[in-house]
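Visitor: Structure: protein_26.cif, mmCIF, C-alpha atoms.
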data_start
loop_
_atom_site.label_atom_id
_atom_site.label_comp_id
_atom_site.auth_asym_id
_atom_site.auth_seq_id
_atom_site.Cartn_x
_atom_site.Cartn_y
_atom_site.Cartn_z
CA MET A 1 16.18 11.39 -10.25
CA ALA A 2 17.80 8.85 -7.92
CA LEU A 3 19.21 6.35 -10.39
CA ALA A 4 22.82 5.54 -11.23
CA VAL A 5 22.71 2.92 -13.95
CA ALA A 6 25.60 4.52 -15.79
CA ALA A 7 27.81 4.26 -12.72
CA LEU A 8 27.21 0.53 -12.54
CA PHE A 9 27.56 -0.11 -16.25
CA GLY A 10 30.49 2.28 -16.48
CA ALA A 11 30.89 5.45 -18.48
CA ALA A 12 30.81 3.54 -21.77
CA ALA A 13 27.44 1.87 -21.18
CA SER A 14 25.84 1.13 -24.51
CA ALA A 15 22.30 1.66 -25.69
CA ASN A 16 22.05 -2.10 -26.14
CA GLU A 17 22.78 -2.69 -22.46
CA TYR A 18 19.93 -0.39 -21.44
CA ALA A 19 17.65 -2.05 -23.97
CA GLN A 20 18.54 -5.46 -22.53
CA ALA A 21 17.73 -4.19 -19.03
CA ALA A 22 14.24 -3.24 -20.24
CA ARG A 23 13.70 -6.76 -21.55
CA ASP A 24 15.08 -8.20 -18.32
CA LEU A 25 12.53 -6.13 -16.40
CA ASP A 26 9.65 -7.84 -18.16
CA GLU A 27 11.16 -11.26 -17.50
CA THR A 28 11.70 -10.46 -13.83
CA ILE A 29 8.08 -9.43 -13.32
CA ALA A 30 6.72 -12.42 -15.22
CA ALA A 31 8.89 -14.79 -13.18
CA HIS A 32 8.37 -13.36 -9.70
CA TYR A 33 5.09 -11.41 -9.47
CA ALA A 34 2.83 -13.41 -7.17
CA TYR A 35 -0.48 -12.20 -8.58
CA LEU A 36 -0.36 -12.90 -12.31
CA ASP A 37 -3.70 -14.68 -11.92
CA LYS A 38 -5.35 -11.35 -11.05
CA LEU A 39 -4.34 -9.76 -14.36
CA PRO A 40 -6.92 -9.73 -17.19
CA ASP A 41 -5.22 -12.48 -19.23
CA LYS A 42 -3.37 -14.00 -16.25
CA GLU A 43 -0.07 -12.83 -17.73
CA LEU A 44 1.98 -9.66 -17.93
CA PRO A 45 0.03 -7.18 -20.11
CA ASP A 46 1.64 -5.93 -23.30
CA SER A 47 0.67 -3.56 -26.09
CA ASP A 48 2.07 -1.79 -29.13
CA ALA A 49 2.62 1.31 -26.99
CA LEU A 50 4.61 -0.64 -24.40
CA ARG A 51 6.62 -2.50 -27.04
CA GLN A 52 7.53 0.78 -28.72
CA GLU A 53 8.60 2.30 -25.41
CA ARG A 54 10.58 -0.81 -24.47
CA ASP A 55 12.35 -0.84 -27.85
CA ALA A 56 13.20 2.85 -27.45
CA VAL A 57 15.05 2.39 -24.13
CA ARG A 58 18.63 3.62 -24.67
CA ASP A 59 19.69 5.30 -21.41
CA GLU A 60 18.93 5.46 -17.72
CA ARG A 61 16.14 8.00 -18.09
CA THR A 62 14.22 6.00 -20.68
CA LEU A 63 14.80 2.82 -18.68
CA LEU A 64 13.27 4.32 -15.53
CA ALA A 65 10.37 5.82 -17.50
CA TYR A 66 9.64 2.42 -19.02
CA ALA A 67 9.97 0.71 -15.63
CA GLU A 68 7.42 3.06 -14.07
CA ASN A 69 4.96 2.39 -16.88
CA ARG A 70 5.62 -1.34 -16.91
CA VAL A 71 5.01 -1.63 -13.16
CA ALA A 72 1.84 0.48 -13.52
CA THR A 73 0.42 -2.12 -15.92
CA LEU A 74 -0.05 -4.39 -12.90
CA ALA A 75 -2.54 -1.90 -11.39
CA ASP A 76 -1.12 -2.91 -8.02
CA HIS A 77 -0.47 -0.20 -5.43
CA HIS A 78 2.04 -2.53 -3.75
CA ALA A 79 4.28 -2.66 -6.85
CA ILE A 80 6.55 0.36 -7.42
CA THR A 81 10.00 1.25 -8.69
CA GLY A 82 12.80 1.81 -6.21
CA SER A 83 13.82 5.03 -8.00
CA SER A 84 11.72 7.85 -9.33
CA PHE A 85 11.64 11.19 -11.11
CA ARG A 86 10.84 14.43 -9.35
CA ASP A 87 7.45 14.44 -11.08
CA SER A 88 6.61 10.74 -10.78
CA TRP A 89 3.13 9.81 -9.64
CA ALA A 90 2.64 9.77 -5.88
CA VAL A 91 2.86 6.42 -4.11
CA VAL A 92 -0.55 5.15 -2.98
CA PRO A 93 -1.59 4.83 -0.19
CA THR A 94 1.34 6.51 1.58
CA TYR A 95 1.05 9.83 -0.25
CA THR A 96 -2.65 10.12 -0.88
CA ASP A 97 -5.46 11.42 1.27
CA LEU A 98 -8.49 10.30 -0.74
CA TRP A 99 -9.49 6.69 -1.32
CA ILE A 100 -11.47 6.56 -4.55
CA VAL A 101 -13.94 3.88 -5.66
CA LYS A 102 -15.93 3.49 -8.88
CA ARG A 103 -19.69 3.06 -8.84
CA GLY A 104 -21.27 2.66 -12.22
CA ASP A 105 -19.43 5.09 -14.48
CA ARG A 106 -18.68 7.60 -11.71
CA PHE A 107 -15.91 7.96 -9.14
CA PHE A 108 -16.54 8.70 -5.48
CA VAL A 109 -14.59 9.42 -2.31
CA ASP A 110 -14.82 6.33 -0.12
CA THR A 111 -12.62 7.56 2.74
CA VAL A 112 -10.74 10.75 3.64
CA ARG A 113 -7.43 10.57 5.48
CA GLU A 114 -7.51 12.44 8.75
CA ALA A 115 -5.22 15.44 9.33
CA SER A 116 -4.60 15.77 5.58
CA PRO A 117 -5.06 18.48 2.91
CA ALA A 118 -8.31 16.78 1.86
CA ALA A 119 -9.59 16.75 5.45
CA ASP A 120 -8.58 20.39 5.89
CA LEU A 121 -10.75 21.27 2.87
CA LYS A 122 -13.72 19.36 4.33
CA ILE A 123 -13.91 16.79 1.54
CA GLU A 124 -16.18 14.00 2.71
CA ALA A 125 -16.95 10.38 1.93
CA GLY A 126 -19.63 10.28 -0.74
CA ASP A 127 -18.34 13.32 -2.64
CA ARG A 128 -18.01 12.63 -6.37
CA ILE A 129 -14.78 13.36 -8.22
CA VAL A 130 -16.04 15.27 -11.27
CA SER A 131 -12.69 16.17 -12.82
CA ILE A 132 -8.96 15.86 -12.22
CA GLY A 133 -6.66 18.54 -13.57
CA GLY A 134 -9.57 20.00 -15.53
CA VAL A 135 -10.30 16.70 -17.32
CA PRO A 136 -13.52 14.77 -16.61
CA THR A 137 -12.57 11.92 -14.31
CA ALA A 138 -13.69 9.07 -16.56
CA GLN A 139 -11.74 10.62 -19.44
CA ALA A 140 -8.63 11.13 -17.31
CA VAL A 141 -8.77 7.48 -16.22
CA SER A 142 -9.28 6.28 -19.80
CA ASP A 143 -6.37 8.46 -20.98
CA PHE A 144 -4.12 6.94 -18.28
CA TRP A 145 -4.63 3.45 -19.71
CA ASN A 146 -4.78 4.52 -23.36
CA GLU A 147 -1.25 5.88 -23.04
CA LEU A 148 -0.16 2.36 -22.07
CA GLY A 149 -2.20 0.81 -24.85
CA LEU A 150 -4.40 -1.12 -22.41
CA SER A 151 -8.14 -1.36 -21.93
CA THR A 152 -9.84 0.12 -18.88
CA THR A 153 -11.30 -2.55 -16.60
CA HIS A 154 -13.10 -1.73 -13.36
CA HIS A 155 -10.04 -2.61 -11.29
CA ARG A 156 -7.73 -0.59 -13.52
CA ALA A 157 -10.13 2.35 -13.39
CA GLU A 158 -10.08 2.49 -9.58
CA TYR A 159 -6.30 2.13 -9.50
CA ALA A 160 -5.81 4.96 -12.00
CA ALA A 161 -8.32 7.22 -10.25
CA ARG A 162 -6.49 6.87 -6.95
CA VAL A 163 -3.14 7.56 -8.62
CA LEU A 164 -4.45 10.58 -10.53
CA VAL A 165 -6.08 12.09 -7.44
CA ALA A 166 -2.86 11.55 -5.47
CA GLY A 167 -1.16 13.55 -8.22
CA ARG A 168 2.40 14.25 -9.26
CA ARG A 169 4.93 14.44 -6.44
CA ASP A 170 6.21 17.90 -7.30
CA ARG A 171 2.97 19.86 -7.54
CA ALA A 172 -0.42 20.61 -6.04
CA ARG A 173 -3.51 18.78 -7.20
CA HIS A 174 -6.56 20.29 -8.90
CA ILE A 175 -9.83 18.41 -8.55
CA GLU A 176 -13.48 19.30 -8.91
CA ILE A 177 -15.98 17.57 -6.68
CA LEU A 178 -19.74 17.39 -6.36
CA THR A 179 -20.79 17.03 -2.76
CA SER A 180 -23.57 14.75 -1.63
CA SER A 181 -25.64 17.90 -1.02
CA GLY A 182 -25.24 18.97 -4.64
CA GLN A 183 -22.58 21.67 -4.23
CA MET A 184 -19.86 21.90 -6.88
CA ARG A 185 -16.40 22.67 -5.46
CA ASP A 186 -13.23 23.51 -7.39
CA LEU A 187 -10.27 22.66 -5.14
CA ILE A 188 -6.49 22.85 -5.04
CA LEU A 189 -4.87 20.36 -2.68
CA ALA A 190 -1.24 20.41 -1.61
CA SER A 191 0.87 17.37 -2.41
CA LEU A 192 1.43 15.09 0.56
CA TYR A 193 5.11 15.10 -0.40
CA ASP A 194 5.16 18.65 0.99
CA ARG A 195 4.61 17.05 4.41
CA ALA A 196 7.08 14.21 3.96
CA ASP A 197 9.54 15.68 6.49
CA GLU A 198 6.98 15.79 9.29
CA ALA A 199 7.89 12.95 11.65
CA PRO A 200 5.66 12.24 14.67
CA PRO A 201 6.94 9.81 17.31
CA PRO A 202 6.63 6.11 16.43
CA ILE A 203 3.87 5.60 18.99
CA SER A 204 1.27 7.94 20.47
CA VAL A 205 -0.67 7.06 23.61
CA CYS A 206 -3.84 8.68 24.89
CA ASP A 207 -7.06 7.94 26.74
CA VAL A 208 -10.39 7.91 24.89
CA GLY A 209 -13.15 7.37 27.41
CA ASP A 210 -12.28 4.20 29.31
CA TYR A 211 -9.83 3.05 26.63
CA ARG A 212 -6.07 3.42 26.55
CA VAL A 213 -5.24 3.92 22.86
CA VAL A 214 -1.83 3.05 21.45
CA ARG A 215 -1.56 4.53 17.98
CA VAL A 216 1.17 3.54 15.52
CA ASN A 217 2.33 6.55 13.49
CA ASN A 218 3.36 4.94 10.19
CA SER A 219 6.41 3.46 11.86
CA LEU A 220 6.17 -0.29 11.34
CA GLY A 221 9.47 -0.25 9.47
CA ASP A 222 11.29 1.51 12.32
CA PHE A 223 12.91 -0.73 14.94
CA ALA A 224 12.51 2.12 17.46
CA THR A 225 8.80 1.30 17.36
CA ILE A 226 9.45 -1.90 19.31
CA ALA A 227 11.00 -0.05 22.25
CA ALA A 228 8.30 2.63 22.10
CA PHE A 229 5.55 0.00 22.10
CA ASP A 230 7.21 -1.85 24.98
CA ALA A 231 7.35 1.38 27.00
CA ALA A 232 3.69 2.11 26.32
CA MET A 233 2.62 -1.40 27.28
CA ARG A 234 4.47 -1.31 30.60
CA ASP A 235 2.38 1.69 31.65
CA ILE A 236 -1.04 0.22 30.86
CA PRO A 237 -2.83 -1.41 33.81
CA ARG A 238 -4.33 -4.81 33.11
CA ALA A 239 -7.82 -3.55 33.94
CA VAL A 240 -7.72 -0.78 31.33
CA PRO A 241 -9.16 -1.81 27.93
CA LEU A 242 -6.48 -1.50 25.27
CA VAL A 243 -7.00 -0.21 21.72
CA LEU A 244 -4.30 -0.63 19.07
CA ASP A 245 -4.87 1.90 16.29
CA LEU A 246 -3.29 0.89 12.96
CA ARG A 247 -5.15 3.41 10.80
CA ASN A 248 -1.99 5.39 10.03
CA THR A 249 0.33 2.65 8.76
CA PRO A 250 0.12 3.07 4.96
CA SER A 251 3.84 2.50 4.32
CA GLY A 252 3.90 -0.98 5.75
CA GLY A 253 7.02 -2.12 7.57
CA ASN A 254 8.74 -5.36 8.49
CA THR A 255 7.78 -8.56 10.22
CA THR A 256 10.26 -8.03 13.07
CA VAL A 257 8.34 -5.00 14.31
CA ALA A 258 5.07 -6.81 13.73
CA ARG A 259 6.15 -9.81 15.76
CA GLY A 260 7.50 -7.47 18.44
CA ILE A 261 3.98 -6.10 18.87
CA LEU A 262 2.11 -9.39 18.53
CA GLY A 263 4.57 -11.12 20.86
CA TRP A 264 3.13 -9.25 23.85
CA PHE A 265 -0.12 -11.21 23.50
CA VAL A 266 0.98 -14.85 23.27
CA ASP A 267 2.35 -17.27 25.84
CA ARG A 268 3.28 -19.94 23.29
CA PRO A 269 4.08 -20.00 19.57
CA GLU A 270 0.99 -19.08 17.54
CA PRO A 271 0.42 -18.88 13.77
CA TYR A 272 -0.35 -15.44 12.45
CA GLN A 273 -0.19 -15.58 8.65
CA ILE A 274 0.35 -17.97 5.74
CA HIS A 275 2.88 -17.35 2.95
CA ASN A 276 2.79 -18.77 -0.56
CA ARG A 277 5.55 -18.25 -3.15
CA PRO A 278 4.22 -18.88 -6.69
CA SER A 279 7.56 -18.29 -8.41
CA GLU A 280 8.94 -21.52 -6.97
CA GLU A 281 6.08 -23.54 -8.38
CA ARG A 282 6.47 -21.83 -11.77
CA ARG A 283 10.16 -22.69 -11.79
CA THR A 284 10.09 -26.22 -10.39
CA GLY A 285 6.51 -27.44 -10.59
CA ILE A 286 6.53 -27.89 -6.79
CA ALA A 287 4.32 -25.60 -4.71
CA ARG A 288 5.69 -23.88 -1.61
CA GLN A 289 3.60 -22.61 1.29
CA TRP A 290 4.29 -22.10 4.98
CA THR A 291 2.83 -20.64 8.15
CA GLU A 292 4.66 -17.90 10.04
CA GLN A 293 4.46 -17.89 13.80
CA VAL A 294 4.68 -15.24 16.47
CA LEU A 295 6.60 -16.22 19.60
CA PRO A 296 6.27 -15.02 23.20
CA ARG A 297 8.65 -12.29 24.34
CA GLU A 298 10.39 -12.91 27.61
CA GLY A 299 8.99 -10.83 30.46
CA LYS A 300 6.33 -9.28 28.23
CA LEU A 301 2.81 -10.67 28.33
CA ARG A 302 -0.66 -9.19 28.35
CA SER A 303 -3.36 -11.85 28.30
CA GLU A 304 -6.12 -9.37 27.42
CA LEU A 305 -6.21 -8.83 23.65
CA PRO A 306 -6.57 -5.32 22.28
CA LEU A 307 -9.36 -3.96 20.15
CA VAL A 308 -7.61 -3.30 16.82
CA LEU A 309 -8.65 -0.38 14.58
CA VAL A 310 -7.93 -0.47 10.84
CA GLY A 311 -8.83 1.49 7.71
CA ARG A 312 -7.82 2.39 4.17
CA TRP A 313 -4.46 3.68 5.43
CA THR A 314 -3.67 0.38 7.12
CA GLY A 315 -1.29 -1.03 4.54
CA SER A 316 0.95 -4.04 4.05
CA MET A 317 2.52 -4.91 7.41
CA GLY A 318 -0.29 -3.06 9.19
CA GLU A 319 -2.65 -5.46 7.44
CA GLY A 320 -0.43 -8.35 8.49
CA ILE A 321 -0.64 -7.31 12.15
CA ALA A 322 -4.41 -7.03 11.85
CA ILE A 323 -4.85 -10.55 10.50
CA GLY A 324 -2.35 -11.77 13.10
CA PHE A 325 -4.47 -10.34 15.90
CA ALA A 326 -7.57 -11.80 14.25
CA ALA A 327 -5.88 -15.21 14.39
CA LEU A 328 -5.34 -14.71 18.12
CA GLY A 329 -9.02 -13.88 18.58
CA ALA A 330 -8.88 -10.10 18.79
CA ASP A 331 -11.73 -7.90 17.57
CA ILE A 332 -10.73 -6.04 14.38
CA GLN A 333 -12.89 -2.98 13.68
CA GLY A 334 -12.92 -0.18 11.13
CA ASP A 335 -13.09 0.35 7.38
CA ARG A 336 -11.69 -1.94 4.71
CA MET A 337 -7.89 -1.86 4.72
CA ALA A 338 -5.70 -0.82 1.79
CA GLY A 339 -5.92 -4.36 0.42
CA LEU A 340 -2.29 -4.39 -0.69
CA ASN A 341 -1.17 -7.58 -2.37
CA GLY A 342 1.24 -9.84 -0.57
CA SER A 343 4.78 -9.38 0.65
CA VAL A 344 7.14 -7.10 -1.27
CA GLU A 345 10.69 -7.95 -2.29
CA ASP A 346 13.34 -5.71 -3.86
CA LEU A 347 14.33 -7.19 -7.23
CA GLN A 348 17.25 -6.03 -9.36
CA VAL A 349 16.56 -5.16 -12.99
CA GLY A 350 19.11 -6.96 -15.16
CA GLU A 351 22.67 -5.80 -14.53
CA THR A 352 21.64 -2.29 -13.46
CA ASP A 353 21.20 -0.87 -10.00
CA LEU A 354 17.53 -0.17 -10.70
CA LEU A 355 15.25 -2.00 -8.27
CA ILE A 356 11.57 -2.72 -8.42
CA LYS A 357 9.55 -3.45 -5.31
CA LEU A 358 7.29 -6.34 -6.25
CA PRO A 359 4.85 -8.56 -4.34
CA THR A 360 6.52 -11.97 -4.64
CA GLU A 361 4.63 -13.85 -1.90
CA ARG A 362 0.93 -14.23 -1.44
CA LEU A 363 -0.24 -13.69 2.15
CA MET A 364 -3.28 -15.22 3.80
CA THR A 365 -4.97 -15.46 7.15
CA VAL A 366 -4.43 -18.66 9.10
CA ASP A 367 -7.79 -19.79 7.69
CA GLY A 368 -6.54 -19.33 4.13
CA LEU A 369 -8.35 -16.08 3.27
CA PRO A 370 -6.24 -13.77 1.08
CA ARG A 371 -5.09 -10.92 3.29
CA GLU A 372 -6.36 -8.34 0.82
CA ASP A 373 -9.90 -9.75 1.18
CA PHE A 374 -10.08 -9.45 4.97
CA VAL A 375 -13.06 -7.36 6.14
CA PRO A 376 -13.20 -5.88 9.67
CA ARG A 377 -16.33 -5.21 11.70
CA PRO A 378 -17.63 -1.63 11.74
CA ILE A 379 -16.43 0.48 14.66
CA ALA A 380 -18.91 -0.01 17.50
CA ASP A 381 -17.92 2.92 19.74
CA MET A 382 -18.09 6.19 17.79
CA ARG A 383 -15.64 7.81 20.19
CA LEU A 384 -12.97 5.68 18.55
CA LYS A 385 -13.92 6.60 14.99
CA SER A 386 -12.39 10.06 15.17
CA TYR A 387 -10.24 11.34 18.00
CA ARG A 388 -6.93 13.18 18.42
CA CYS A 389 -4.12 11.46 20.27
#
Would you mind writing the structure in this file as structure tokens?

Guide:
Amino acid sequence: MALAVAALFGAAASANEYAQAARDLDETIAAHYAYLDKLPDKELPDSDALRQERDAVRDERTLLAYAENRVATLADHHAITGSSFRDSWAVVPTYTDLWIVKRGDRFFVDTVREASPAADLKIEAGDRIVSIGGVPTAQAVSDFWNELGLSTTHHRAEYAARVLVAGRRDRARHIEILTSSGQMRDLILASLYDRADEAPPPISVCDVGDYRVVRVNNSLGDFATIAAFDAAMRDIPRAVPLVLDLRNTPSGGNTTVARGILGWFVDRPEPYQIHNRPSEERRTGIARQWTEQVLPREGKLRSELPLVLVGRWTGSMGEGIAIGFAALGADIQGDRMAGLNGSVEDLQVGETDLLIKLPTERLMTVDGLPREDFVPRPIADMRLKSYRC
């Protein structure tokens, strides 16, 4: 467990100080979370189970356990704690390989992550998740929310199903699936945390038919990606159609890297996304919203826009780049993106060193569409749907 509350409080930290930190956590979320309007009652959910857990916080372990549960009540894959236990739930979408959706009262695989344990086992879109850890899926999902004392809405059900299928960080996953052809399969999948040390280069470049494909390898938070992208762009002739593949960017990144990429394709300042900060309006009664621009980069300009590929593992800043290119007029193709809410900020919990990573700004396209609602066109050239770079 990577948490050092006692070190900050000092050796004589009292149970009351931990208890106060738990109360501060609730206040922090209620004040800063940008998407309260998406919650069932448009406010931070609470229950007898949560109140009992909050009142029982007396040390760093119980504080972190409560924080994980409290953040989970948002049913928001973009909201997580900055610390974790060895057996905490996996972070979605970074450490999952199956995107699960609910249809009726059943749960299905919508998309399978390429080059993953699920792909290795030939799990396919359309397969039904019959059970997770030996428990019927609907029951496992209901149990997830019952433990928090909350009802199971459709949105909460899909969130929980994705978390449960991603599994605990320290162990393999056991799921049972029914294929679209009617075959029942009992499967053990390795945790994606077992592959966490595998580090491909920030950028991969390859040719697929007539296209030159520049693929970002989950590196939008790495400033080395800017230099790697610059090097790739310098080697691409103007006449060669360019594809930017963002389908492996689940961990997001930062706007500096994003603007470094987008900056190759503008010759004057251009808007690429709109920000809105609800906490300021809650505090002052005055709304705040602004448009972020991408600026040209000296000596770096390609007038031909790329074809941009996206999918369920295009998350956060990857989604921001996609809507930025859409604003410039580029063609965005692929599956629905991760649909992660807004822009994340690290917020301190009370007087502890525990952080939560919380969406505090709403993000929209330049036309005002919430980023999480953006829908790409289907991929037109099937050679680009699945290839190895």

Visitor: Find the spatial neighbours of range 43-59 of chain A, counting all atoms listed in the file, within a cut-off of 6 Å - ignore same-chain residues fewer than 5 positions away - and output them as JSON, numbers by chain.

Guide: {"A": [15, 18, 19, 36, 148, 149]}

Visitor: Find the spatial neighbours of range 78-89 of chain A, counting only C-alpha atoms, within a cut-off of 10 Å - ignore same-chain residues fewer than 2 positions away - and output them as an NGL selection string.

Guide: :A and (1-4 or 33 or 61 or 64-65 or 67-76 or 91-93 or 95 or 163-171 or 251-252 or 315-316 or 338-348 or 353-360)

Visitor: Residues at most 10 Å from range 216-223 of chain A, counting all atoms listed in the file, excluding those fewer than 4 positions away in the same chain, as a PyMOL selection string?

Guide: chain A and resi 94+199-205+227-229+244-258+260-261+313-318+321

Visitor: For the PyMOL selection byres ((chain A and resi 325) around 9), applied here, can you spell out every residue it catches as number ranges by chain?

Guide: A: 262, 265, 272, 305-306, 308, 320-324, 326-332

Visitor: Might you spell out which residues the PyMOL selection byres ((chain A and resi 159) around 9) would select in the displayed file, as a PDB file with C-alpha atoms, keeping the file's coordinate frame?

Guide:
ATOM      1  CA  ALA A  75      -2.540  -1.900 -11.390  1.00  0.00           C
ATOM      2  CA  ASP A  76      -1.120  -2.910  -8.020  1.00  0.00           C
ATOM      3  CA  HIS A  77      -0.470  -0.200  -5.430  1.00  0.00           C
ATOM      4  CA  ILE A 100     -11.470   6.560  -4.550  1.00  0.00           C
ATOM      5  CA  VAL A 101     -13.940   3.880  -5.660  1.00  0.00           C
ATOM      6  CA  VAL A 141      -8.770   7.480 -16.220  1.00  0.00           C
ATOM      7  CA  HIS A 154     -13.100  -1.730 -13.360  1.00  0.00           C
ATOM      8  CA  HIS A 155     -10.040  -2.610 -11.290  1.00  0.00           C
ATOM      9  CA  ARG A 156      -7.730  -0.590 -13.520  1.00  0.00           C
ATOM     10  CA  ALA A 157     -10.130   2.350 -13.390  1.00  0.00           C
ATOM     11  CA  GLU A 158     -10.080   2.490  -9.580  1.00  0.00           C
ATOM     12  CA  ALA A 160      -5.810   4.960 -12.000  1.00  0.00           C
ATOM     13  CA  ALA A 161      -8.320   7.220 -10.250  1.00  0.00           C
ATOM     14  CA  ARG A 162      -6.490   6.870  -6.950  1.00  0.00           C
ATOM     15  CA  VAL A 163      -3.140   7.560  -8.620  1.00  0.00           C
ATOM     16  CA  LEU A 164      -4.450  10.580 -10.530  1.00  0.00           C
TER      17      LEU A 164
END
